[in-house]
Every structure is written in structure tokens, then in C-alpha cells.
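**Student:** One structure, as C-alpha cells, below. Some questions next.
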Amino acid sequence: MTPHTPHTPGAEATAPLAGLRVLDLATLFAGPIAATMLGDFGAEVIKVEHPTKPDPSRGHGPSKNGVGLWWKLLGRNKRTITLDLSRPGGRRTLLRLAAGADVIVENFRPGTLERWELGWPELSAVNPRLVLARVTGFGQFGPYAPRPGFGTLAEALSGFAAITGEPDGPPTLPPFGLADAIAGLATAYAVMTALAARERTGEGQIVDMAIIEPILTVLGPQPLWYDQLGYVQPRTGNRTRNNAPRNTYRTSDGTWVAVSTSAQSVAERVMRLVGRPELIEEPWFATGAGRAAHADVLDEAVGGWIARHTRTEALAAFEKAQAAIAPIQDVRDVMADPQYRALGTFTTLYDPELGRLRMQNVLFRLSATPGAVRWAGRPHGADTDAVLTELGLTPEELAALRAEGAL
């Protein structure tokens, strides 16, 4: 596999999703992330925003010169138009767009599209091949369906927060949109699954994605443990009940490193490296659970050794011993890291509003049909006239829609 390559003219035609048209009606994170993933690999994504109430992500987090930076990432590779779907002209225009689209991604509360007469019956009538991805906090039915739903609530409801944090501390929420991001990736996968099914059946379908569900998948076997054993995973901080030593340790120069010993052979190498080979002979050392039960002993051995060495010394010694270690990096370290540089994990592009900027590149590398970040998030409604003119609307129709307040 080769590193990401910079965008070149004509690259869209060779992208794996070239020819796919996606209407992104969603706001904030989960739904728009899914649309971004599709756009990164060549889909034509049209971001539809309310004329006076843009996607709130434009105002989330730090900004530069009044321009929201998060939006530059979330809105990349998307053309932006404005449309008030609650108005008759907006409804008619959306149906015209849907007739030529492959995918619609939306995250309105259940029943909202139906109230605007833009539900599945109306959309599938104009385009039976359409895939409608509905991304909500709790899904399209059930007792919680009408509630407003956000990723934070999913992190709480799913059990994630309950197992995160120190044993004697409170449940801990992540300082970023974890559940939303997982749901966004899952939605992109669900859309591609529905499109693959369409190749066989010729018909589109609805994707019902509840943000509270994908995070359960990444939490692993907790439901199975509880079902079969009645076991409820507690908060253990950086430790795990599956193996040890596994923790973060401070070096002599005041930095931090993380050590993992999921494999028995690695655990043995670590103990030899830190000068405690006799612990390998203990009966409990032979299993991950046994080592976890003696984490205090192992953490003292590993932590004491690391505390006597600088980060550079510790990393070099662990690498030489083929033991698993990594520095605890902040974003400054990450963007200078040689492995990320080798992979092309960050891309540099020119933005008309902000000039040169760097952001994460596409999610994975394809050897024959790579994706690309072609442009960063565009201003609110920047492509409205162009997209609707391509749809066949006349200047007079555009003027009428504006007079109605639909654009």
C-alpha cells in the first residue's frame, strides 16, 4: 500500500464511489461524518442546510477569522446549498434532488420528514433506488424515539461511561464526540451495504441507525459476560482485568508512556527488560487474568524501571526487546510523528477562506482507487445556485424560491 497521494485533476473519475450522489440533510456529527466518508472516496455530496440556521457544527469549537475550523473537516468534499424543507418550494426542490440521488442522510427526529410529506413513501415514489439513512439518537421506534438524542447520551446509556474512569472516581465521558463518530462510521458501512443489496434487487431501502447501538459493538463482550455469568465490568482506570502490566507510566524526564502486554510472550519480555525475570516463574504469571490479579506487583516493577529512564531511553529499550510501548502524545506530537507522516495520515490543502491548512486524510488507503480530500468545508450555501441550476431550475424559479424563503 502506498501513502495517500495529493489530489490531482480528474481524480474524481477514478475514485471508487465516483458517480454516487449523496444528499446530506443531517446536522452536527454522526450523519455528516457518514456523508464525509462517502465524499472522501469520490461520491458527490450535496450538503443541504437551512437558509437561516446552518449546521451547528459551523460554530462548534475554535474558529479562525470567524470561520469554524471543525466545519472545515466535517464539510470537506461537500457542495453546500440552502433549502427550507418545511416550505412547499423547499419540499418540491428536495424531491427533484432526490429523484437523481442515490443516498439521503438525515437526522431529524422521527416523524419530522413525514410531517413535511418527505417520508419514505414520497421519496421512494420519485426514486425507488434511493437509500435513506436515518440517523437518530435512539432509532425510529421505541419509548425513547421521540427524545432529542446526542452522542453524550449514548455514551451514558451504552455502559461506556460506567466503565471509564478510576475505580474510586465518577463515571467519565470522553472529551470528544466518540459515540457520534462511531455511529458515523457505522452509517457509512450501512449505506454501502444497502447499496450492495440494491445491485441485486434494484431497489433502495431505509437504514435505521440509532447512535446508542454502534458504541455497544465497540464495547465488546460485556452483554455476553452479563448474560452468561452475571458479570458487570467495573471501572479500573488504565488497568484491565484481562492482562497486566497494562498502564501509563511516568519517565524520569516527566513524560508518559503506555505499555501493553496482551500477549504472554510480550509480558515475559517486559519483565526480563525491567530486571524482574523471577516473576515469570510465578504460577499466576502464566495467564492474563492471573497477571491482572497481581497488577500492583507488576506495575511497581515496570513503573519503577521506567521512572529511572528518560522517554527516549525507555522507548529504545522496549523496541530493542520487542516489547510493546508507545509515548503518550498530544496533538503536537501526533502531527510530527514519523509513522503518521509515513502513512500520509494528514493532508495539506489550500482553502479560499483560510489559506493553507492541514487535517486528517481519508480514513484508509486503497492501492488502485484511492480517496482524496479535494476541498475543505465551504461557506454556507456557496453552491446553491450552481447545484439547482444543474438540476434544471431557471433563474425565475430560483427567484421565486428565494421570495418564498425556501432558499
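So you can find residues: chains in the C-alpha cells are A, B, ... in the order shown, residues in each start at 1, and ligands are numbered from 1 in order.
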Write out as a PDB file with N, CA and C atoms, in the first residue's frame all residues of range 208-358 of chain A that DSSP puts in strand (DSSP E) for this structure's backbone.

**Tutor:**
ATOM      1  N   ASP A 208     -31.908   2.379   9.358  1.00  0.00           N
ATOM      2  CA  ASP A 208     -32.296   2.935  10.659  1.00  0.00           C
ATOM      3  C   ASP A 208     -31.103   2.790  11.595  1.00  0.00           C
ATOM      4  N   MET A 209     -30.399   3.894  11.827  1.00  0.00           N
ATOM      5  CA  MET A 209     -29.201   3.877  12.664  1.00  0.00           C
ATOM      6  C   MET A 209     -29.465   4.631  13.959  1.00  0.00           C
ATOM      7  N   ALA A 210     -29.388   3.922  15.077  1.00  0.00           N
ATOM      8  CA  ALA A 210     -29.517   4.541  16.400  1.00  0.00           C
ATOM      9  C   ALA A 210     -28.125   4.733  16.978  1.00  0.00           C
ATOM     10  N   ASN A 247      -0.681  -0.135  31.572  1.00  0.00           N
ATOM     11  CA  ASN A 247      -0.900   1.107  32.299  1.00  0.00           C
ATOM     12  C   ASN A 247      -0.121   2.222  31.616  1.00  0.00           C
ATOM     13  N   THR A 248      -0.224   3.412  32.167  1.00  0.00           N
ATOM     14  CA  THR A 248       0.641   4.519  31.759  1.00  0.00           C
ATOM     15  C   THR A 248       1.661   4.747  32.868  1.00  0.00           C
ATOM     16  N   TYR A 249       2.882   5.076  32.445  1.00  0.00           N
ATOM     17  CA  TYR A 249       3.979   5.200  33.405  1.00  0.00           C
ATOM     18  C   TYR A 249       4.762   6.476  33.106  1.00  0.00           C
ATOM     19  N   ARG A 250       5.222   7.126  34.189  1.00  0.00           N
ATOM     20  CA  ARG A 250       5.950   8.383  34.031  1.00  0.00           C
ATOM     21  C   ARG A 250       7.445   8.116  33.938  1.00  0.00           C
ATOM     22  N   TRP A 256       5.189  10.711  29.682  1.00  0.00           N
ATOM     23  CA  TRP A 256       4.441   9.495  29.981  1.00  0.00           C
ATOM     24  C   TRP A 256       4.507   8.527  28.799  1.00  0.00           C
ATOM     25  N   VAL A 257       4.462   7.247  29.111  1.00  0.00           N
ATOM     26  CA  VAL A 257       4.410   6.199  28.090  1.00  0.00           C
ATOM     27  C   VAL A 257       3.326   5.203  28.484  1.00  0.00           C
ATOM     28  N   ALA A 258       2.850   4.462  27.501  1.00  0.00           N
ATOM     29  CA  ALA A 258       1.862   3.406  27.733  1.00  0.00           C
ATOM     30  C   ALA A 258       2.491   2.066  27.366  1.00  0.00           C
ATOM     31  N   VAL A 259       2.216   1.064  28.188  1.00  0.00           N
ATOM     32  CA  VAL A 259       2.733  -0.288  27.967  1.00  0.00           C
ATOM     33  C   VAL A 259       1.562  -1.249  27.888  1.00  0.00           C
ATOM     34  N   SER A 260       1.631  -2.160  26.939  1.00  0.00           N
ATOM     35  CA  SER A 260       0.600  -3.195  26.791  1.00  0.00           C
ATOM     36  C   SER A 260       1.268  -4.558  26.728  1.00  0.00           C
ATOM     37  N   ALA A 324       5.966  -4.016  23.775  1.00  0.00           N
ATOM     38  CA  ALA A 324       5.010  -3.042  23.243  1.00  0.00           C
ATOM     39  C   ALA A 324       4.953  -1.796  24.125  1.00  0.00           C
ATOM     40  N   ILE A 325       5.316  -0.658  23.543  1.00  0.00           N
ATOM     41  CA  ILE A 325       5.298   0.607  24.264  1.00  0.00           C
ATOM     42  C   ILE A 325       4.994   1.715  23.271  1.00  0.00           C
ATOM     43  N   ALA A 326       4.400   2.798  23.765  1.00  0.00           N
ATOM     44  CA  ALA A 326       4.165   3.982  22.935  1.00  0.00           C
ATOM     45  C   ALA A 326       4.185   5.207  23.828  1.00  0.00           C
ATOM     46  N   PRO A 327       4.674   6.319  23.315  1.00  0.00           N
ATOM     47  CA  PRO A 327       4.617   7.552  24.096  1.00  0.00           C
ATOM     48  C   PRO A 327       3.186   8.072  24.159  1.00  0.00           C
ATOM     49  N   PHE A 346      -2.047  12.860   7.512  1.00  0.00           N
ATOM     50  CA  PHE A 346      -2.518  14.239   7.412  1.00  0.00           C
ATOM     51  C   PHE A 346      -2.285  14.735   5.996  1.00  0.00           C
ATOM     52  N   THR A 347      -3.231  15.520   5.526  1.00  0.00           N
ATOM     53  CA  THR A 347      -3.131  16.088   4.187  1.00  0.00           C
ATOM     54  C   THR A 347      -3.094  17.603   4.285  1.00  0.00           C
ATOM     55  N   THR A 348      -2.428  18.226   3.338  1.00  0.00           N
ATOM     56  CA  THR A 348      -2.333  19.680   3.275  1.00  0.00           C
ATOM     57  C   THR A 348      -3.078  20.163   2.041  1.00  0.00           C
ATOM     58  N   LEU A 349      -3.911  21.166   2.215  1.00  0.00           N
ATOM     59  CA  LEU A 349      -4.641  21.710   1.081  1.00  0.00           C
ATOM     60  C   LEU A 349      -4.792  23.215   1.229  1.00  0.00           C
ATOM     61  N   TYR A 350      -5.213  23.856   0.146  1.00  0.00           N
ATOM     62  CA  TYR A 350      -5.424  25.295   0.155  1.00  0.00           C
ATOM     63  C   TYR A 350      -6.916  25.573   0.255  1.00  0.00           C
ATOM     64  N   ASP A 351      -7.288  26.428   1.182  1.00  0.00           N
ATOM     65  CA  ASP A 351      -8.678  26.805   1.372  1.00  0.00           C
ATOM     66  C   ASP A 351      -8.843  28.284   1.059  1.00  0.00           C
ATOM     67  N   GLY A 355      -6.593  29.778   3.639  1.00  0.00           N
ATOM     68  CA  GLY A 355      -5.275  29.515   3.079  1.00  0.00           C
ATOM     69  C   GLY A 355      -4.836  28.083   3.330  1.00  0.00           C
ATOM     70  N   ARG A 356      -3.534  27.894   3.560  1.00  0.00           N
ATOM     71  CA  ARG A 356      -3.007  26.549   3.775  1.00  0.00           C
ATOM     72  C   ARG A 356      -3.523  25.984   5.093  1.00  0.00           C
ATOM     73  N   LEU A 357      -3.992  24.743   5.050  1.00  0.00           N
ATOM     74  CA  LEU A 357      -4.407  24.075   6.281  1.00  0.00           C
ATOM     75  C   LEU A 357      -4.138  22.584   6.185  1.00  0.00           C
ATOM     76  N   ARG A 358      -3.994  21.972   7.349  1.00  0.00           N
ATOM     77  CA  ARG A 358      -3.779  20.531   7.439  1.00  0.00           C
ATOM     78  C   ARG A 358      -4.905  19.892   8.238  1.00  0.00           C
TER      79      ARG A 358
END

**Student:** List every residue of range 68-218 of chain A that DSSP, applied to the backbone, labels as alpha helix (DSSP H), and write the result as an NGL selection string.

**Tutor:** :A and (69-74 or 88-99 or 112-115 or 120-126 or 151-157 or 160-163 or 178-201 or 214-218)

**Student:** Choose the residue, out of A:Glu199, A:Pro338, A:Gly75, A:Ser367, that has the smallest atom-to-atom separation from Pro16 in chain A; count only C-alpha atoms.

**Tutor:**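 That would be A:Ser367, the residue with the smallest distance to Pro16 in chain A.
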
**Student:** Could you check how far CA of Leu185 in chain A sits from CA of Ala30 in chain A, in Å to one decimal?

**Tutor:**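 These atoms are spaced 8.0 Å apart.
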
**Student:** Residues within 10 Å of Met192 in chain A, please, as a list in words. Count only C-alpha atoms; anything in the same chain fewer than 6 positions from it doesn't count.

**Tutor:**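 Everything that qualifies: Leu17, Leu38, Val103, Val131, Ala186 and Arg198 of chain A.
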
**Student:** I'd like the contact shell of Glu166 in chain A - 8 Å cut-off, only C-alpha atoms, skipping same-chain residues fewer than 2 positions apart - returned as JSON, numbers by chain.

**Tutor:** {"A": [164, 168, 169, 170, 235, 236, 237, 238]}

**Student:** Can I get the residues of range 310-381 of chain A within 12 Å of range 42-53 of chain A, each with the closest pair of atoms and their distance in Å to one decimal, using only C-alpha atoms, sorted chain first then ascending number, as JSON lines?

**Tutor:**
{"residue": "A:Val362", "atom": "CA", "partner": "A:Gly42", "partner_atom": "CA", "distance": 11.0}
{"residue": "A:Thr369", "atom": "CA", "partner": "A:Gly42", "partner_atom": "CA", "distance": 9.6}
{"residue": "A:Pro370", "atom": "CA", "partner": "A:Gly42", "partner_atom": "CA", "distance": 9.0}
{"residue": "A:Gly371", "atom": "CA", "partner": "A:Gly42", "partner_atom": "CA", "distance": 6.6}
{"residue": "A:Ala372", "atom": "CA", "partner": "A:Gly42", "partner_atom": "CA", "distance": 7.7}
{"residue": "A:Val373", "atom": "CA", "partner": "A:Gly42", "partner_atom": "CA", "distance": 9.3}
{"residue": "A:Arg374", "atom": "CA", "partner": "A:Gly42", "partner_atom": "CA", "distance": 9.3}
{"residue": "A:Gly377", "atom": "CA", "partner": "A:Lys47", "partner_atom": "CA", "distance": 9.9}
{"residue": "A:Arg378", "atom": "CA", "partner": "A:Lys47", "partner_atom": "CA", "distance": 9.7}
{"residue": "A:Pro379", "atom": "CA", "partner": "A:Lys47", "partner_atom": "CA", "distance": 10.8}
{"residue": "A:His380", "atom": "CA", "partner": "A:Glu49", "partner_atom": "CA", "distance": 7.6}
{"residue": "A:Gly381", "atom": "CA", "partner": "A:Glu49", "partner_atom": "CA", "distance": 7.4}

**Student:** Those residues you just picked out, can you put them in a file as a tab-separated table (two decimals), in the first residue's frame with all heavy atoms?

**Tutor:**
chain	number	residue	atom	x	y	z
A	362	VAL	N	-8.00	10.88	4.24
A	362	VAL	CA	-9.07	9.89	4.16
A	362	VAL	C	-8.74	8.72	5.08
A	362	VAL	O	-7.59	8.49	5.45
A	362	VAL	CB	-9.29	9.43	2.71
A	362	VAL	CG1	-9.69	10.61	1.84
A	362	VAL	CG2	-8.06	8.76	2.14
A	369	THR	N	-7.66	2.57	-6.27
A	369	THR	CA	-8.62	3.67	-6.42
A	369	THR	C	-8.67	4.49	-5.13
A	369	THR	O	-9.65	4.43	-4.38
A	369	THR	CB	-10.02	3.13	-6.75
A	369	THR	OG1	-10.41	2.18	-5.73
A	369	THR	CG2	-10.04	2.44	-8.09
A	370	PRO	N	-7.63	5.23	-4.83
A	370	PRO	CA	-7.57	5.94	-3.55
A	370	PRO	C	-8.58	7.08	-3.46
A	370	PRO	O	-9.01	7.63	-4.47
A	370	PRO	CB	-6.13	6.48	-3.52
A	370	PRO	CG	-5.77	6.63	-4.96
A	370	PRO	CD	-6.43	5.48	-5.66
A	371	GLY	N	-8.92	7.41	-2.23
A	371	GLY	CA	-9.73	8.58	-1.99
A	371	GLY	C	-8.87	9.82	-1.90
A	371	GLY	O	-7.64	9.74	-2.01
A	372	ALA	N	-9.50	10.97	-1.69
A	372	ALA	CA	-8.75	12.23	-1.61
A	372	ALA	C	-9.60	13.29	-0.95
A	372	ALA	O	-10.82	13.30	-1.08
A	372	ALA	CB	-8.32	12.70	-3.00
A	373	VAL	N	-8.94	14.19	-0.23
A	373	VAL	CA	-9.60	15.39	0.27
A	373	VAL	C	-9.43	16.46	-0.80
A	373	VAL	O	-8.34	16.98	-1.01
A	373	VAL	CB	-9.00	15.85	1.60
A	373	VAL	CG1	-9.72	17.10	2.10
A	373	VAL	CG2	-9.10	14.74	2.64
A	374	ARG	N	-10.51	16.77	-1.50
A	374	ARG	CA	-10.43	17.68	-2.64
A	374	ARG	C	-10.57	19.15	-2.22
A	374	ARG	O	-9.99	20.03	-2.83
A	374	ARG	CB	-11.50	17.29	-3.67
A	374	ARG	CG	-11.34	15.86	-4.14
A	374	ARG	CD	-12.34	15.46	-5.21
A	374	ARG	NE	-13.73	15.48	-4.77
A	374	ARG	CZ	-14.31	14.51	-4.04
A	374	ARG	NH1	-13.58	13.48	-3.64
A	374	ARG	NH2	-15.57	14.59	-3.71
A	377	GLY	N	-14.41	22.32	4.06
A	377	GLY	CA	-15.80	22.75	4.15
A	377	GLY	C	-16.02	24.13	3.57
A	377	GLY	O	-15.27	25.06	3.84
A	378	ARG	N	-17.07	24.25	2.76
A	378	ARG	CA	-17.32	25.50	2.04
A	378	ARG	C	-18.31	26.39	2.80
A	378	ARG	O	-19.02	25.93	3.69
A	378	ARG	CB	-17.86	25.18	0.64
A	378	ARG	CG	-16.75	24.61	-0.25
A	378	ARG	CD	-17.22	24.14	-1.61
A	378	ARG	NE	-17.97	25.09	-2.39
A	378	ARG	CZ	-17.48	26.19	-2.96
A	378	ARG	NH1	-16.19	26.50	-2.78
A	378	ARG	NH2	-18.25	26.98	-3.69
A	379	PRO	N	-18.37	27.67	2.44
A	379	PRO	CA	-19.28	28.58	3.13
A	379	PRO	C	-20.74	28.14	3.00
A	379	PRO	O	-21.11	27.41	2.07
A	379	PRO	CB	-19.04	29.93	2.42
A	379	PRO	CG	-17.66	29.82	1.87
A	379	PRO	CD	-17.49	28.38	1.48
A	380	HIS	N	-21.55	28.60	3.91
A	380	HIS	CA	-22.97	28.28	3.95
A	380	HIS	C	-23.65	28.68	2.64
A	380	HIS	O	-23.62	29.83	2.23
A	380	HIS	CB	-23.60	29.05	5.12
A	380	HIS	CG	-25.05	28.81	5.33
A	380	HIS	ND1	-25.96	29.83	5.50
A	380	HIS	CD2	-25.77	27.66	5.39
A	380	HIS	CE1	-27.16	29.33	5.69
A	380	HIS	NE2	-27.07	28.02	5.62
A	381	GLY	N	-24.22	27.69	1.96
A	381	GLY	CA	-24.97	27.95	0.74
A	381	GLY	C	-24.16	28.34	-0.47
A	381	GLY	O	-24.71	28.84	-1.47

**Student:** Neighbouring residues of range 154-163 of chain A were defined as those with any atom within 12 Å, considering only C-alpha atoms; residues of the same chain fewer than 6 positions away were excluded. Please report them as a ChimeraX atom specification.

**Tutor:** /A:30,136-139,144,148,169-183,210-223,232-241

**Student:** Do you know which residues are at most 10 Å from Asp385 in chain A counting only C-alpha atoms, after dropping those on the same chain fewer than 6 positions away, and could you put them as a short mmCIF file (atom, residue, chain, number, x, y, z; two decimals) with all heavy atoms, in the first residue's frame?

**Tutor:**
data_model
loop_
_atom_site.label_atom_id
_atom_site.label_comp_id
_atom_site.auth_asym_id
_atom_site.auth_seq_id
_atom_site.Cartn_x
_atom_site.Cartn_y
_atom_site.Cartn_z
N THR A 80 -22.31 22.90 -0.92
CA THR A 80 -23.25 23.38 0.09
C THR A 80 -24.37 24.18 -0.55
O THR A 80 -24.14 25.10 -1.33
CB THR A 80 -22.53 24.26 1.13
OG1 THR A 80 -21.93 25.38 0.48
CG2 THR A 80 -21.45 23.46 1.86
N ILE A 81 -25.61 23.79 -0.21
CA ILE A 81 -26.77 24.55 -0.68
C ILE A 81 -27.70 24.80 0.51
O ILE A 81 -27.59 24.15 1.56
CB ILE A 81 -27.55 23.81 -1.79
CG1 ILE A 81 -28.32 22.60 -1.23
CG2 ILE A 81 -26.62 23.38 -2.92
CD1 ILE A 81 -29.30 22.01 -2.24
N THR A 82 -28.58 25.77 0.36
CA THR A 82 -29.58 26.04 1.39
C THR A 82 -30.97 25.69 0.86
O THR A 82 -31.27 25.89 -0.32
CB THR A 82 -29.56 27.52 1.82
OG1 THR A 82 -29.83 28.35 0.68
CG2 THR A 82 -28.21 27.89 2.41
N LEU A 391 -29.73 21.23 -11.75
CA LEU A 391 -30.95 20.42 -11.61
C LEU A 391 -32.01 20.81 -12.63
O LEU A 391 -32.94 20.06 -12.85
CB LEU A 391 -31.49 20.59 -10.18
CG LEU A 391 -32.64 19.71 -9.73
CD1 LEU A 391 -32.26 18.24 -9.74
CD2 LEU A 391 -33.11 20.12 -8.34
N LEU A 393 -33.42 24.16 -12.65
CA LEU A 393 -34.21 25.31 -12.24
C LEU A 393 -33.77 26.55 -13.00
O LEU A 393 -32.58 26.77 -13.23
CB LEU A 393 -34.08 25.55 -10.73
CG LEU A 393 -35.04 24.76 -9.83
CD1 LEU A 393 -34.72 23.27 -9.84
CD2 LEU A 393 -35.02 25.31 -8.41
N THR A 394 -34.73 27.36 -13.37
CA THR A 394 -34.45 28.60 -14.10
C THR A 394 -34.19 29.73 -13.12
O THR A 394 -34.51 29.64 -11.93
CB THR A 394 -35.66 28.98 -14.98
OG1 THR A 394 -36.78 29.27 -14.10
CG2 THR A 394 -36.04 27.83 -15.91
N PRO A 395 -33.61 30.83 -13.62
CA PRO A 395 -33.42 31.99 -12.73
C PRO A 395 -34.73 32.46 -12.11
O PRO A 395 -34.76 32.90 -10.96
CB PRO A 395 -32.81 33.04 -13.65
CG PRO A 395 -32.10 32.24 -14.71
CD PRO A 395 -32.96 31.04 -14.93
N LEU A 398 -35.55 30.12 -9.22
CA LEU A 398 -34.68 30.41 -8.07
C LEU A 398 -35.16 31.67 -7.36
O LEU A 398 -35.19 31.72 -6.12
CB LEU A 398 -33.24 30.59 -8.53
CG LEU A 398 -32.52 29.33 -9.05
CD1 LEU A 398 -31.15 29.69 -9.58
CD2 LEU A 398 -32.40 28.29 -7.95
N LEU A 407 -35.05 29.26 0.00
CA LEU A 407 -33.61 29.20 -0.25
C LEU A 407 -32.89 30.16 0.70
O LEU A 407 -33.41 31.25 0.99
CB LEU A 407 -33.28 29.57 -1.70
CG LEU A 407 -33.70 28.64 -2.79
CD1 LEU A 407 -33.12 29.11 -4.12
CD2 LEU A 407 -33.24 27.22 -2.52
#

**Student:** Point out the residue among A:Tyr340, A:Glu404, A:Ala301, A:Leu97 with the least atom-to-atom distance to Thr389 in chain A, counting only C-alpha atoms.

**Tutor:** A:Leu97

**Student:** With only C-alpha atoms as the basis for distance, which of A:Thr345, A:Gly254, A:Ala376, A:Val105 is at the shortest distance from Asn361 in chain A?

**Tutor:**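 Using only C-alpha atoms, Asn361 in chain A sits closest to A:Thr345.
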
**Student:** Name the residues in contact with Asn242 in chain A at a cut-off of 9 Å, using only C-alpha atoms, excluding same-chain residues fewer than 2 positions from it; report them as a PyMOL selection string.

**Tutor:** chain A and resi 239-240+244+262+287-292
